[in-house]
Amino acid sequence: MRTDTVATMQDRPEFDVPAFDAPVFDVIVIGSLNLDLVASAPRLPGPGETVTGSTFAEMPGGKGLNQAVAAARAGASVALIGAVGNDDAGTLLRHVVLDEGIDDRWITVLAGVPTGRALITVDERAENVIVVIPGANAWDAGASETLPTARVVLAQLEVPLPRVERAFAAGKAIGAITILNPAPAAALPTALLGDCDLIIPNEHEAALLGGTDVLTNSGNTTVVVTRGGAGTTIIDGTGTRHLHAFAVHPVDTTGAGDAFCGALAARLAAGDDLATGVGFAMAAGALATTVAGAVPSLPHRVAIEQLLSEQE
Ligand code: ADP
């Protein structure tokens, strides 16, 4: 029963702000859940061409699900706020969520709408082509949505922007830390930027969004740019700091950004300062490159702490 409200919403006339109810989670993730259908082939087919592939796998995916798993494995209590269809793919993804100890009560099951899917073809050089069918991820719960109380609200841009805007406005109103991973890059309304405590783009997304000046200009927002094997840059009111990446042997960089965002959310919820949290998140991102796939590569807290103690 979610009846005992533990936080009072402030009036925000420009938004219909959803109510936050008990229980309190370390991290809530507003985001997508996809079933990834991954085919490997010697080379990518051209238009109208058929090539014979070598392997096929169905894997859980979607940035929302990946980052929720990353936060949970990093030690946080997590609820995932999202939507799936009333189909086999949706059932499979909800099992993944539950197996990770993530609360699934805010995942809406929609009748007559397919679960989100990504059709991925990978060639021998690890080049890929991807078609994403958002399906249930495109559904907007609307202003009547009720969210659980959280210390950190984490979102990406694979779900409708109004959903993210309302969740962040509500998060700010209860004093939560709001973190946006602007992926895939899309124009960000000024009001949403003002509600972001932290924005985490990779280099490509930072450029598409007009550069870090645009993102920090909006107010008290801190920007953390992830640069793959080149590390991370933190830009806040006090200046710019660069942190070097951990030395690992990467085999597949898929999931590094999701590992980073989920792990950082978990550590900020636990009370770490930003620099400490970013160090932990960089270790998580580095470890994610050492294992193939997204969800299988997301590291647990013990492994992250071990890498930190080895390389500090
Ligand atoms: P995305 O997957 O969103 O493009 P990045 O590739 O920038 O994100 O990775 C996120 C973080 O993971 C980086 O800031 C870095 O700390 C870590 N990381 C990624 N690739 C490597 C690598 N090759 N070696 C060490 N750390 C890495």
# chains A, B, ... in the order shown; residues from 1 in each chain; ligands from 1
call {"tool": "residues_near_ligand", "arguments": {"ligand": "ligand 1", "cutoff": "10 Å", "atoms": "only C-alpha atoms and all ligand atoms", "output": "MDAnalysis selection string"}}
result
chainID A and resid 63 181:184 200:205 224:233 243:261 278:290 294
call {"tool": "write_last_selection", "arguments": {"atoms": "C-alpha atoms", "output": "compact mmCIF listing (two decimals), in the first residue's frame"}}
result
# COMPACT_ATOMS: atom_id res chain seq x y z
CA LYS A 63 18.87 2.76 -21.29
CA ASN A 181 21.72 11.44 -19.28
CA PRO A 182 20.67 13.23 -22.51
CA ALA A 183 20.77 10.14 -24.74
CA PRO A 184 19.77 10.09 -27.50
CA ILE A 200 25.88 13.48 -18.12
CA PRO A 201 26.41 13.56 -21.90
CA ASN A 202 29.15 11.69 -23.74
CA GLU A 203 31.35 13.83 -26.02
CA HIS A 204 29.11 13.25 -29.03
CA GLU A 205 25.94 14.24 -27.15
CA VAL A 224 29.99 15.58 -16.42
CA VAL A 225 31.19 14.72 -19.93
CA THR A 226 32.21 11.08 -20.39
CA ARG A 227 34.99 10.55 -22.93
CA GLY A 228 35.35 6.78 -23.18
CA GLY A 229 38.96 5.65 -22.67
CA ALA A 230 40.01 9.31 -22.36
CA GLY A 231 38.16 9.65 -19.02
CA THR A 232 35.76 12.28 -17.73
CA THR A 233 35.52 16.06 -17.51
CA LEU A 243 39.89 12.74 -14.54
CA HIS A 244 41.87 9.99 -16.30
CA ALA A 245 40.16 6.69 -17.11
CA PHE A 246 41.06 3.47 -15.30
CA ALA A 247 43.43 1.17 -17.17
CA VAL A 248 41.54 -1.92 -18.36
CA HIS A 249 41.52 -4.19 -21.42
CA PRO A 250 38.25 -3.34 -23.23
CA VAL A 251 36.50 -6.04 -25.27
CA ASP A 252 33.11 -4.29 -25.85
CA THR A 253 32.32 -0.73 -24.78
CA THR A 254 28.52 -1.29 -24.90
CA GLY A 255 27.00 -0.34 -21.56
CA ALA A 256 29.92 1.80 -20.29
CA GLY A 257 27.84 4.99 -20.22
CA ASP A 258 24.89 3.20 -18.58
CA ALA A 259 27.19 1.66 -15.96
CA PHE A 260 28.63 5.13 -15.27
CA CYS A 261 25.24 6.86 -14.86
CA VAL A 278 32.52 10.18 -10.36
CA GLY A 279 35.62 8.13 -9.43
CA PHE A 280 33.41 5.18 -8.47
CA ALA A 281 31.33 5.62 -11.66
CA MET A 282 34.46 5.68 -13.84
CA ALA A 283 35.57 2.40 -12.32
CA ALA A 284 32.11 0.98 -13.10
CA GLY A 285 32.29 2.27 -16.70
CA ALA A 286 35.77 0.83 -17.17
CA LEU A 287 34.68 -2.62 -15.88
CA ALA A 288 31.65 -2.59 -18.21
CA THR A 289 34.04 -2.49 -21.19
CA THR A 290 35.75 -5.71 -20.11
CA ALA A 294 25.11 -4.34 -21.85
call {"tool": "select_by_dssp", "arguments": {"residues": "segment 14-232 of chain A", "states": "helix (DSSP H, G or I)", "output": "number ranges by chain"}}
result
A: 63-73, 88-99, 135-138, 161-173, 190-194, 203-208, 212-216, 228-230
call {"tool": "closest_residue", "arguments": {"among": "A:Ala187, A:Arg166, A:Leu98, A:Val159", "to": "Gly210 of chain A", "atoms": "only C-alpha atoms"}}
result
A:Ala187
call {"tool": "residues_around", "arguments": {"residues": "Gly112 of chain A", "least_positions_apart": "2", "cutoff": "12 Å", "atoms": "only C-alpha atoms", "output": "list in words"}}
result
Val84, Gly85, Asn86, Asp87, Val109, Leu110, Pro114, Thr115, Gly135, Ala136 and Trp139 of chain A
call {"tool": "atom_distance", "arguments": {"atom1": "atom CA of Leu307 of chain A", "atom2": "atom CA of Val223 of chain A"}}
result
24.7 Å
call {"tool": "residues_around", "arguments": {"residues": "Ile30 of chain A", "least_positions_apart": "5", "cutoff": "7 Å", "atoms": "only C-alpha atoms", "output": "ChimeraX atom specification"}}
result
/A:64,80-82,154-155,164
